[in-house]
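Below is my_file.pdb, holding PDB, C-alpha atoms and all ligand atoms.
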```pdb
ATOM      1  CA  MET A   1      -6.006 -18.651 -10.040
ATOM      2  CA  LEU A   2      -3.778 -16.265  -8.144
ATOM      3  CA  GLU A   3      -5.479 -15.148  -4.971
ATOM      4  CA  VAL A   4      -7.332 -11.848  -5.365
ATOM      5  CA  ASN A   5      -6.954  -8.846  -3.062
ATOM      6  CA  LYS A   6      -3.338  -9.805  -2.518
ATOM      7  CA  ILE A   7       0.038  -8.533  -3.724
ATOM      8  CA  HIS A   8       2.133 -11.508  -4.801
ATOM      9  CA  LEU A   9       5.911 -11.583  -4.580
ATOM     10  CA  GLY A  10       7.455 -12.924  -7.772
ATOM     11  CA  ASP A  11       8.131 -12.566 -11.470
ATOM     12  CA  CYS A  12       4.962 -11.618 -13.328
ATOM     13  CA  TYR A  13       6.078 -13.509 -16.456
ATOM     14  CA  GLU A  14       5.749 -16.699 -14.399
ATOM     15  CA  LEU A  15       2.891 -15.820 -12.053
ATOM     16  CA  ILE A  16       0.577 -14.511 -14.764
ATOM     17  CA  LYS A  17       0.396 -18.077 -16.126
ATOM     18  CA  GLN A  18      -1.680 -18.925 -13.034
ATOM     19  CA  ILE A  19      -4.371 -16.428 -14.053
ATOM     20  CA  PRO A  20      -7.116 -18.038 -16.170
ATOM     21  CA  ASP A  21      -8.168 -16.766 -19.594
ATOM     22  CA  ASN A  22     -10.880 -14.065 -19.650
ATOM     23  CA  SER A  23     -10.858 -13.463 -15.899
ATOM     24  CA  ILE A  24      -9.600  -9.887 -15.458
ATOM     25  CA  ASP A  25     -11.620  -6.702 -16.051
ATOM     26  CA  LEU A  26      -8.838  -4.109 -16.214
ATOM     27  CA  ILE A  27      -5.047  -4.018 -16.346
ATOM     28  CA  LEU A  28      -3.581  -0.788 -15.035
ATOM     29  CA  THR A  29       0.179  -0.898 -14.832
ATOM     30  CA  VAL A  30       3.428   1.041 -15.073
ATOM     31  CA  PRO A  31       5.926  -1.377 -16.628
ATOM     32  CA  PRO A  32       9.643  -0.641 -16.281
ATOM     33  CA  TYR A  33      10.563   2.501 -18.176
ATOM     34  CA  ASP A  34      12.626   2.250 -21.284
ATOM     35  CA  PHE A  35      15.269   4.958 -21.180
ATOM     36  CA  HIS A  36      16.703   3.898 -24.478
ATOM     37  CA  CYS A  37      16.570   4.662 -28.156
ATOM     38  CA  GLY A  38      16.928   2.560 -31.265
ATOM     39  CA  THR A  39      14.772  -0.083 -32.823
ATOM     40  CA  ILE A  40      12.892  -2.966 -31.329
ATOM     41  CA  ASN A  41      14.131  -6.402 -32.333
ATOM     42  CA  LYS A  42      12.041  -9.179 -33.902
ATOM     43  CA  THR A  43      11.107 -10.760 -30.592
ATOM     44  CA  GLY A  44       9.757  -7.464 -29.338
ATOM     45  CA  ILE A  45      12.412  -7.230 -26.655
ATOM     46  CA  PHE A  46      13.834  -3.804 -25.918
ATOM     47  CA  LYS A  47      17.550  -4.564 -26.070
ATOM     48  CA  ASN A  48      20.778  -2.877 -27.034
ATOM     49  CA  ARG A  49      19.419   0.568 -26.715
ATOM     50  CA  TYR A  50      21.407   3.524 -25.538
ATOM     51  CA  VAL A  51      20.708   4.232 -21.886
ATOM     52  CA  ALA A  52      19.791   7.872 -21.423
ATOM     53  CA  PRO A  53      19.307   9.902 -18.187
ATOM     54  CA  GLY A  54      17.010   9.200 -15.266
ATOM     55  CA  LYS A  55      19.675   8.645 -12.618
ATOM     56  CA  GLU A  56      17.256   7.765  -9.831
ATOM     57  CA  ILE A  57      15.475   5.179 -11.952
ATOM     58  CA  VAL A  58      18.716   3.753 -13.340
ATOM     59  CA  ASN A  59      20.088   3.403  -9.797
ATOM     60  CA  MET A  60      16.989   1.474  -8.819
ATOM     61  CA  ASN A  61      17.425  -0.913 -11.771
ATOM     62  CA  ILE A  62      14.015  -0.220 -13.272
ATOM     63  CA  ASN A  63      15.147   1.457 -16.460
ATOM     64  CA  SER A  64      15.988  -1.531 -18.574
ATOM     65  CA  GLY A  65      12.726  -1.897 -20.434
ATOM     66  CA  TYR A  66      10.985  -5.213 -20.509
ATOM     67  CA  ASP A  67       9.947  -8.073 -22.708
ATOM     68  CA  MET A  68       6.774  -7.021 -24.501
ATOM     69  CA  SER A  69       5.724 -10.644 -24.914
ATOM     70  CA  ILE A  70       3.762 -10.170 -21.698
ATOM     71  CA  LEU A  71       1.250  -8.077 -23.658
ATOM     72  CA  LYS A  72       0.002 -11.302 -25.235
ATOM     73  CA  GLU A  73      -0.612 -12.654 -21.725
ATOM     74  CA  PHE A  74      -2.408  -9.419 -20.793
ATOM     75  CA  ILE A  75      -4.798  -9.931 -23.695
ATOM     76  CA  ARG A  76      -5.294 -13.595 -22.763
ATOM     77  CA  VAL A  77      -6.309 -12.895 -19.146
ATOM     78  CA  LEU A  78      -8.552  -9.909 -19.926
ATOM     79  CA  LYS A  79     -12.263 -10.458 -20.558
ATOM     80  CA  ASN A  80     -12.019  -7.644 -23.122
ATOM     81  CA  ILE A  81      -9.037  -5.442 -23.908
ATOM     82  CA  ASN A  82      -9.146  -2.733 -21.246
ATOM     83  CA  ILE A  83      -5.629  -1.556 -20.417
ATOM     84  CA  PHE A  84      -3.857   1.497 -19.084
ATOM     85  CA  LEU A  85      -0.114   1.415 -19.777
ATOM     86  CA  TRP A  86       1.873   4.261 -18.268
ATOM     87  CA  CYS A  87       5.015   4.787 -20.283
ATOM     88  CA  ASN A  88       7.670   7.201 -21.370
ATOM     89  CA  LYS A  89       7.753   8.947 -24.733
ATOM     90  CA  GLU A  90      10.051   6.354 -26.310
ATOM     91  CA  GLN A  91       7.601   3.542 -25.592
ATOM     92  CA  ILE A  92       4.530   5.176 -27.175
ATOM     93  CA  LYS A  93       5.264   4.115 -30.739
ATOM     94  CA  ASP A  94       6.020   0.538 -29.690
ATOM     95  CA  TYR A  95       2.693   0.197 -27.893
ATOM     96  CA  LEU A  96       0.686   1.877 -30.671
ATOM     97  CA  ASN A  97       2.363  -0.404 -33.134
ATOM     98  CA  TYR A  98       1.565  -3.495 -31.054
ATOM     99  CA  PHE A  99      -2.109  -2.674 -30.527
ATOM    100  CA  SER A 100      -2.637  -1.709 -34.166
ATOM    101  CA  ASN A 101      -3.132  -5.476 -34.695
ATOM    102  CA  TYR A 102      -6.276  -5.431 -32.524
ATOM    103  CA  ASP A 103      -9.707  -3.860 -32.881
ATOM    104  CA  VAL A 104      -9.179  -1.232 -30.189
ATOM    105  CA  SER A 105      -9.653   2.458 -29.705
ATOM    106  CA  PHE A 106      -6.969   4.320 -27.806
ATOM    107  CA  GLU A 107      -6.273   7.546 -25.945
ATOM    108  CA  ILE A 108      -2.987   9.226 -25.104
ATOM    109  CA  LEU A 109      -3.438  10.569 -21.581
ATOM    110  CA  THR A 110      -0.990  12.932 -19.938
ATOM    111  CA  TRP A 111      -0.042  13.874 -16.407
ATOM    112  CA  HIS A 112       1.329  17.421 -16.239
ATOM    113  CA  LYS A 113       3.481  18.365 -13.276
ATOM    114  CA  THR A 114       3.362  21.964 -12.132
ATOM    115  CA  ASN A 115       6.800  21.916 -10.474
ATOM    116  CA  PRO A 116       9.195  19.855 -12.636
ATOM    117  CA  THR A 117      12.946  19.872 -12.046
ATOM    118  CA  PRO A 118      14.323  22.760 -14.097
ATOM    119  CA  LEU A 119      17.591  20.868 -14.725
ATOM    120  CA  THR A 120      17.343  20.510 -18.487
ATOM    121  CA  LYS A 121      19.620  21.725 -21.252
ATOM    122  CA  ASN A 122      18.701  21.729 -24.935
ATOM    123  CA  THR A 123      15.476  19.863 -24.251
ATOM    124  CA  PHE A 124      11.942  20.432 -22.976
ATOM    125  CA  LEU A 125      11.108  20.363 -19.279
ATOM    126  CA  PRO A 126      10.378  16.937 -17.754
ATOM    127  CA  ASP A 127       6.880  18.102 -16.855
ATOM    128  CA  THR A 128       4.754  15.472 -18.638
ATOM    129  CA  GLU A 129       4.200  11.751 -18.218
ATOM    130  CA  TYR A 130       2.228   9.614 -20.653
ATOM    131  CA  CYS A 131      -0.341   6.891 -20.194
ATOM    132  CA  LEU A 132      -1.849   4.973 -23.098
ATOM    133  CA  TYR A 133      -5.345   3.574 -22.739
ATOM    134  CA  PHE A 134      -6.621   0.811 -25.050
ATOM    135  CA  ARG A 135     -10.150  -0.619 -25.049
ATOM    136  CA  GLU A 136     -11.821  -3.146 -27.249
ATOM    137  CA  LYS A 137     -14.244  -1.468 -29.637
ATOM    138  CA  GLY A 138     -17.898  -2.134 -28.842
ATOM    139  CA  LYS A 139     -17.043  -4.237 -25.770
ATOM    140  CA  VAL A 140     -15.874  -1.887 -23.024
ATOM    141  CA  ASN A 141     -18.150   0.954 -21.960
ATOM    142  CA  LEU A 142     -16.876   3.925 -20.010
ATOM    143  CA  ASN A 143     -18.628   5.207 -16.893
ATOM    144  CA  ASP A 144     -19.995   8.721 -16.862
ATOM    145  CA  GLY A 145     -18.664  11.466 -14.656
ATOM    146  CA  TYR A 146     -17.287  14.763 -15.912
ATOM    147  CA  ASP A 147     -14.248  14.545 -13.640
ATOM    148  CA  LEU A 148     -13.334  11.093 -14.885
ATOM    149  CA  LYS A 149     -13.332  11.887 -18.575
ATOM    150  CA  SER A 150     -10.474  14.312 -18.844
ATOM    151  CA  LYS A 151      -7.550  13.295 -21.044
ATOM    152  CA  TYR A 152      -5.085  15.166 -18.875
ATOM    153  CA  TYR A 153      -4.279  15.469 -15.185
ATOM    154  CA  ILE A 154      -2.496  18.396 -13.552
ATOM    155  CA  THR A 155      -0.837  18.121 -10.139
ATOM    156  CA  SER A 156       2.437  18.948  -8.483
ATOM    157  CA  THR A 157       5.019  16.156  -8.379
ATOM    158  CA  ASN A 158       4.056  13.665  -5.682
ATOM    159  CA  LYS A 159       7.154  14.113  -3.532
ATOM    160  CA  ALA A 160       5.343  13.223  -0.316
ATOM    161  CA  ASP A 161       4.356   9.834  -1.746
ATOM    162  CA  LYS A 162       7.928   9.204  -2.903
ATOM    163  CA  ASP A 163       9.189  10.015   0.597
ATOM    164  CA  ASN A 164       6.540   7.871   2.260
ATOM    165  CA  TYR A 165       6.867   4.809   0.018
ATOM    166  CA  LEU A 166      10.406   5.175  -1.385
ATOM    167  CA  HIS A 167       9.478   4.395  -4.983
ATOM    168  CA  PRO A 168      10.945   6.722  -7.652
ATOM    169  CA  THR A 169       8.105   6.273 -10.142
ATOM    170  CA  ILE A 170       5.141   6.171  -7.745
ATOM    171  CA  LYS A 171       1.993   7.522  -9.412
ATOM    172  CA  PRO A 172      -0.540   9.857  -7.763
ATOM    173  CA  LEU A 173      -3.252   7.774  -6.080
ATOM    174  CA  GLU A 174      -6.068  10.163  -7.076
ATOM    175  CA  ILE A 175      -5.243   9.860 -10.795
ATOM    176  CA  ILE A 176      -5.174   6.059 -10.638
ATOM    177  CA  LYS A 177      -8.494   6.024  -8.774
ATOM    178  CA  LYS A 178     -10.068   8.139 -11.533
ATOM    179  CA  GLN A 179      -8.808   5.745 -14.189
ATOM    180  CA  ILE A 180     -10.262   2.755 -12.329
ATOM    181  CA  LEU A 181     -13.598   4.495 -11.699
ATOM    182  CA  HIS A 182     -13.889   5.433 -15.365
ATOM    183  CA  THR A 183     -13.304   1.950 -16.781
ATOM    184  CA  THR A 184     -14.604  -0.652 -14.271
ATOM    185  CA  GLN A 185     -17.581  -1.511 -12.055
ATOM    186  CA  GLU A 186     -17.607  -2.318  -8.327
ATOM    187  CA  ASN A 187     -16.099  -5.748  -7.549
ATOM    188  CA  ASP A 188     -14.355  -5.956 -10.923
ATOM    189  CA  ILE A 189     -10.814  -7.368 -10.797
ATOM    190  CA  VAL A 190      -7.921  -5.006 -11.572
ATOM    191  CA  LEU A 191      -4.486  -6.480 -12.309
ATOM    192  CA  ASP A 192      -1.146  -4.706 -11.894
ATOM    193  CA  CYS A 193       1.789  -6.967 -12.828
ATOM    194  CA  PHE A 194       4.464  -4.358 -12.081
ATOM    195  CA  CYS A 195       2.945  -3.016  -8.929
ATOM    196  CA  GLY A 196       5.895  -1.230  -7.280
ATOM    197  CA  SER A 197       4.676   0.508  -4.142
ATOM    198  CA  GLY A 198       1.108  -0.725  -4.715
ATOM    199  CA  THR A 199      -0.647   2.417  -5.993
ATOM    200  CA  THR A 200      -2.997   0.518  -8.346
ATOM    201  CA  CYS A 201      -3.903  -2.045  -5.676
ATOM    202  CA  LEU A 202      -4.612   0.656  -3.091
ATOM    203  CA  ALA A 203      -6.693   2.622  -5.618
ATOM    204  CA  ALA A 204      -8.704  -0.543  -6.383
ATOM    205  CA  GLN A 205      -9.204  -1.229  -2.669
ATOM    206  CA  GLU A 206     -10.395   2.349  -2.071
ATOM    207  CA  THR A 207     -12.856   2.214  -4.985
ATOM    208  CA  ASN A 208     -14.390  -1.157  -3.981
ATOM    209  CA  ARG A 209     -12.746  -3.125  -6.776
ATOM    210  CA  GLN A 210     -10.812  -6.355  -6.322
ATOM    211  CA  PHE A 211      -7.161  -6.490  -7.300
ATOM    212  CA  ILE A 212      -4.201  -8.720  -8.024
ATOM    213  CA  GLY A 213      -0.748  -7.200  -7.636
ATOM    214  CA  ILE A 214       2.599  -8.728  -8.595
ATOM    215  CA  GLU A 215       5.981  -7.266  -7.630
ATOM    216  CA  VAL A 216       9.349  -8.944  -8.116
ATOM    217  CA  ASP A 217      11.450  -6.852  -5.729
ATOM    218  CA  PRO A 218      11.025  -7.977  -2.088
ATOM    219  CA  LYS A 219      11.690  -4.448  -0.810
ATOM    220  CA  TYR A 220       8.876  -2.866  -2.855
ATOM    221  CA  HIS A 221       6.635  -5.872  -2.226
ATOM    222  CA  LYS A 222       6.901  -5.307   1.528
ATOM    223  CA  ILE A 223       6.317  -1.567   1.130
ATOM    224  CA  ALA A 224       3.216  -2.223  -1.006
ATOM    225  CA  VAL A 225       1.732  -4.805   1.363
ATOM    226  CA  ASN A 226       2.269  -2.473   4.328
ATOM    227  CA  ARG A 227       0.807   0.432   2.380
ATOM    228  CA  LEU A 228      -2.473  -1.460   1.932
ATOM    229  CA  ASN A 229      -2.557  -1.742   5.706
ATOM    230  CA  GLY A 230      -1.914   1.950   6.239
ATOM    231  CA  ILE A 231       1.763   1.599   7.159
ATOM    232  CA  LEU A 232       4.450   3.883   5.734
ATOM    233  CA  ALA A 233       7.866   2.629   4.562
ATOM    234  CA  ASN A 234       9.379   3.878   7.844
ATOM    235  CA  GLY A 235       7.006   1.629   9.804
ATOM    236  CA  GLN A 236       4.763   4.445  11.090
ATOM    237  CA  MET A 237       1.004   4.497  10.539
ATOM    238  CA  SER A 238      -0.128   6.810   7.762
ATOM    239  CA  ILE A 239      -2.167   9.762   9.043
ATOM    240  CA  PHE A 240      -4.511   9.186   6.097
ATOM    241  CA  THR A 241      -5.193   5.585   6.953
ATOM    242  CA  LYS A 242      -8.788   4.463   7.431
ATOM    243  CA  PHE A 243      -7.776   1.724   9.848
TER     244      PHE A 243
HETATM  245  C1  LIG B 301       7.578   1.682 -12.824
HETATM  246  S1  LIG B 301       7.512   0.706 -11.397
HETATM  247  C2  LIG B 301       5.818   0.729 -10.872
HETATM  248  C3  LIG B 301       5.481   1.862  -9.924
HETATM  249  C4  LIG B 301       4.064   1.783  -9.348
HETATM  250  N1  LIG B 301       3.061   2.045 -10.347
HETATM  251  C5  LIG B 301       3.853   2.729  -8.174
HETATM  252  O1  LIG B 301       2.998   3.640  -8.224
HETATM  253  O2  LIG B 301       4.588   2.567  -7.177
HETATM  254  C6  LIG B 301       7.739  -0.889 -12.052
HETATM  255  C7  LIG B 301       7.887  -1.989 -11.007
HETATM  256  O3  LIG B 301       7.904  -3.246 -11.682
HETATM  257  C8  LIG B 301       8.735  -4.124 -10.945
HETATM  258  N2  LIG B 301       9.102  -5.221 -11.873
HETATM  259  C9  LIG B 301      10.039  -5.229 -12.869
HETATM  260  N3  LIG B 301      10.077  -6.415 -13.500
HETATM  261  C10 LIG B 301       9.132  -7.196 -12.899
HETATM  262  C11 LIG B 301       8.690  -8.541 -13.111
HETATM  263  N4  LIG B 301       9.236  -9.305 -14.054
HETATM  264  N5  LIG B 301       7.688  -9.018 -12.322
HETATM  265  C12 LIG B 301       7.119  -8.237 -11.369
HETATM  266  N6  LIG B 301       7.512  -6.957 -11.103
HETATM  267  C13 LIG B 301       8.501  -6.443 -11.874
HETATM  268  C14 LIG B 301       9.899  -3.238 -10.493
HETATM  269  O4  LIG B 301      10.569  -3.798  -9.370
HETATM  270  C15 LIG B 301       9.183  -1.916 -10.195
HETATM  271  O5  LIG B 301       8.876  -1.791  -8.824
END
```
Go ahead and render the structure in this file as structure tokens.
Ligand SMILES: C[S@@+](CC[C@H](N)C(=O)[O-])C[C@H]1O[C@@H](n2cnc3c(N)ncnc32)[C@H](O)[C@@H]1O
Amino acid sequence: MLEVNKIHLGDCYELIKQIPDNSIDLILTVPPYDFHCGTINKTGIFKNRYVAPGKEIVNMNINSGYDMSILKEFIRVLKNINIFLWCNKEQIKDYLNYFSNYDVSFEILTWHKTNPTPLTKNTFLPDTEYCLYFREKGKVNLNDGYDLKSKYYITSTNKADKDNYLHPTIKPLEIIKKQILHTTQENDIVLDCFCGSGTTCLAAQETNRQFIGIEVDPKYHKIAVNRLNGILANGQMSIFTKF
């Protein structure tokens, strides 16, 4: 078993094999975005798609989509299907298609940004991000709490987090905490295989859940590990740290 309450450096396609069957309570992850269009091939790999905008993400090499075969591993390690998958619009149909083979219910959750970049021509504003939630019917119960149940979140873009942890697709900590609180119990294990700057792991830590993080890029791995210890990417202590 991969050690819990640790962010592991490495390729999740390899490391996930060390996680036993039926051992994880929740997967909450933001896999690489797929800034492409076209059709998925037979193996489920997003390939040969036209690369569209998202300069910052393209420059960081996290736009190339990913091999969806890992979803089978996600289902293997989960006790019951209980998964949040943040994604872009293009990926929604692929995920819905994939999970239509399982007995799950799903929600399409949205994060609305109040101050999106107005740099768009002949398109809508980039003011919405999507997160799909799948849970196994009759197996996963949701916790009560009016605040937790909303299907949408509204905040300004989290520029301060981006500046502090240098990750272009960092998600707001408060939203991730709500998602964890809604779908798990204390001490449950939350897995994030594409953990970037460590938002899911920090949210789990702050809500008294256990976590396993995996990140392949040594730069983001170091940022995420430091973040759990209250250290910013520039090496200074965070003013919000509890330590
Ligand atoms: C969209 S970002 C996640 C951002 C994160 N949720 C946050 O709030 O900072 C996806 C991350 O997955 C990492 N990644 C891509 N392929 C990976 C792999 N095979 N194994 C582990 N991490 C991977 C990338 O380096 C990137 O940091």
With a distance cut-off of 12 Å and all atoms listed in the file, select the neighbouring residues of A:Gly138, excluding the residue or stretch itself and same-chain residues fewer than 5 positions from it, and output the selection as a list in words.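 Final neighbour list, sorted by chain and number: Asn80, Ile81, Asn82, Asp103, Val104 and Ser105 of chain A.
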Please evaluate the PyMOL selection byres (((not hetatm)) within 8 of (chain B and resi 301)) against the displayed coordinates and give the resulting residues as a VMD selection string. chain A and resid 9 to 13 29 to 33 61 to 62 66 165 167 to 173 193 to 200 214 to 217 220 224
Nearest residue to A:Asp144 from the set A:Gln185, A:Pro118, A:Met237, A:Glu129 (distances using all atoms listed in the file):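 Smallest separation from A:Asp144 among the options: A:Gln185.
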Hey, what comes out of the PyMOL selection byres (((chain A and resi 153) around 9) and not hetatm) on this file? Could you write it as a PyMOL selection string? chain A and resi 109-113+150-152+154-155+175
Close residues, A:Phe106 itself excluded, 9 Å, all atoms listed in the file, min 5 positions apart in chain, as an MDAnalysis selection string: chainID A and resid 96 99 132:136
Selection to disk with C-alpha atoms, as an mmCIF file, in the frame of the given file:
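Final file, part-v5.cif:
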```
data_model
loop_
_atom_site.group_PDB
_atom_site.id
_atom_site.type_symbol
_atom_site.label_atom_id
_atom_site.label_comp_id
_atom_site.auth_asym_id
_atom_site.auth_seq_id
_atom_site.Cartn_x
_atom_site.Cartn_y
_atom_site.Cartn_z
ATOM 1 C CA LEU A 96 0.686 1.877 -30.671
ATOM 2 C CA PHE A 99 -2.109 -2.674 -30.527
ATOM 3 C CA LEU A 132 -1.849 4.973 -23.098
ATOM 4 C CA TYR A 133 -5.345 3.574 -22.739
ATOM 5 C CA PHE A 134 -6.621 0.811 -25.050
ATOM 6 C CA ARG A 135 -10.150 -0.619 -25.049
ATOM 7 C CA GLU A 136 -11.821 -3.146 -27.249
#
```
Tell me which of A:Leu191, A:Met1, A:Leu15, A:Ile70 sits closest to A:Phe84, counting all atoms listed in the file.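 For A:Phe84, the nearest of the given residues is A:Leu191.
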Tell me which residues the PyMOL selection byres (((chain A and resi 201) around 9) and not hetatm) grabs here, as number ranges by chain. A: 5-7, 190-192, 195, 198-200, 202-206, 209-213, 224, 228
Please produce a file of the residues just selected, as a PDB file, keeping the file's coordinate frame, where the atoms kept are C-alpha atoms.
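This is the output file again-v2.pdb:
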```
ATOM      1  CA  ASN A   5      -6.954  -8.846  -3.062  1.00  0.00           C
ATOM      2  CA  LYS A   6      -3.338  -9.805  -2.518  1.00  0.00           C
ATOM      3  CA  ILE A   7       0.038  -8.533  -3.724  1.00  0.00           C
ATOM      4  CA  VAL A 190      -7.921  -5.006 -11.572  1.00  0.00           C
ATOM      5  CA  LEU A 191      -4.486  -6.480 -12.309  1.00  0.00           C
ATOM      6  CA  ASP A 192      -1.146  -4.706 -11.894  1.00  0.00           C
ATOM      7  CA  CYS A 195       2.945  -3.016  -8.929  1.00  0.00           C
ATOM      8  CA  GLY A 198       1.108  -0.725  -4.715  1.00  0.00           C
ATOM      9  CA  THR A 199      -0.647   2.417  -5.993  1.00  0.00           C
ATOM     10  CA  THR A 200      -2.997   0.518  -8.346  1.00  0.00           C
ATOM     11  CA  LEU A 202      -4.612   0.656  -3.091  1.00  0.00           C
ATOM     12  CA  ALA A 203      -6.693   2.622  -5.618  1.00  0.00           C
ATOM     13  CA  ALA A 204      -8.704  -0.543  -6.383  1.00  0.00           C
ATOM     14  CA  GLN A 205      -9.204  -1.229  -2.669  1.00  0.00           C
ATOM     15  CA  GLU A 206     -10.395   2.349  -2.071  1.00  0.00           C
ATOM     16  CA  ARG A 209     -12.746  -3.125  -6.776  1.00  0.00           C
ATOM     17  CA  GLN A 210     -10.812  -6.355  -6.322  1.00  0.00           C
ATOM     18  CA  PHE A 211      -7.161  -6.490  -7.300  1.00  0.00           C
ATOM     19  CA  ILE A 212      -4.201  -8.720  -8.024  1.00  0.00           C
ATOM     20  CA  GLY A 213      -0.748  -7.200  -7.636  1.00  0.00           C
ATOM     21  CA  ALA A 224       3.216  -2.223  -1.006  1.00  0.00           C
ATOM     22  CA  LEU A 228      -2.473  -1.460   1.932  1.00  0.00           C
TER      23      LEU A 228
END
```
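Distances here use only C-alpha atoms; by that measure, the residue among A:Thr207, A:Tyr95, A:Asn88, A:Ala233 closest to A:Asp127 is A:Asn88.
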Show me, as lines of an AutoDock Vina configuration file, the centre and edge lengths in Å to one decimal of the axis-aligned box that covers every listed atom of stretch 211-229 of chain A with 3 Å on each side.
```
center_x = 2.3
center_y = -4.3
center_z = -1.4
size_x = 24.9
size_y = 15.4
size_z = 20.3
```
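Distances to A:Glu3 were evaluated for A:Val140, A:Ile189, A:Leu28, A:Ile231 using all atoms listed in the file, and the minimum falls at A:Ile189.
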One-decimal distance in Å that lies between atom CA of A:Ile16 and atom CA of A:Asp94: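 Taking atom CA of A:Asp94 as the start and atom CA of A:Ile16 as the end point, the length is 21.9 Å.
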Which of these residues is nearest to A:Ile24, using all atoms listed in the file: A:Arg76, A:Lys121, A:His8, A:His182? A:Arg76
Distance atom CA of A:Lys93-atom CA of A:Ile108, one decimal place? 11.2 Å
Pick from A:Cys131, A:Lys222, A:Asp188, A:Pro116, whichever lies nearest to A:Thr157 using all atoms listed in the file: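 Residue with the minimum atom-to-atom distance to A:Thr157: A:Pro116.
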Could you name the residues that touch A:Lys178 at 8 Å or less, counting only C-alpha atoms, but leaving out those on the same chain fewer than 4 positions away, as a list in words? Asp147, Leu148, Glu174 and His182 of chain A
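Reported to one decimal place, the separation of atom CA of A:Val4 from atom CA of A:Gln236 is 26.1 Å.
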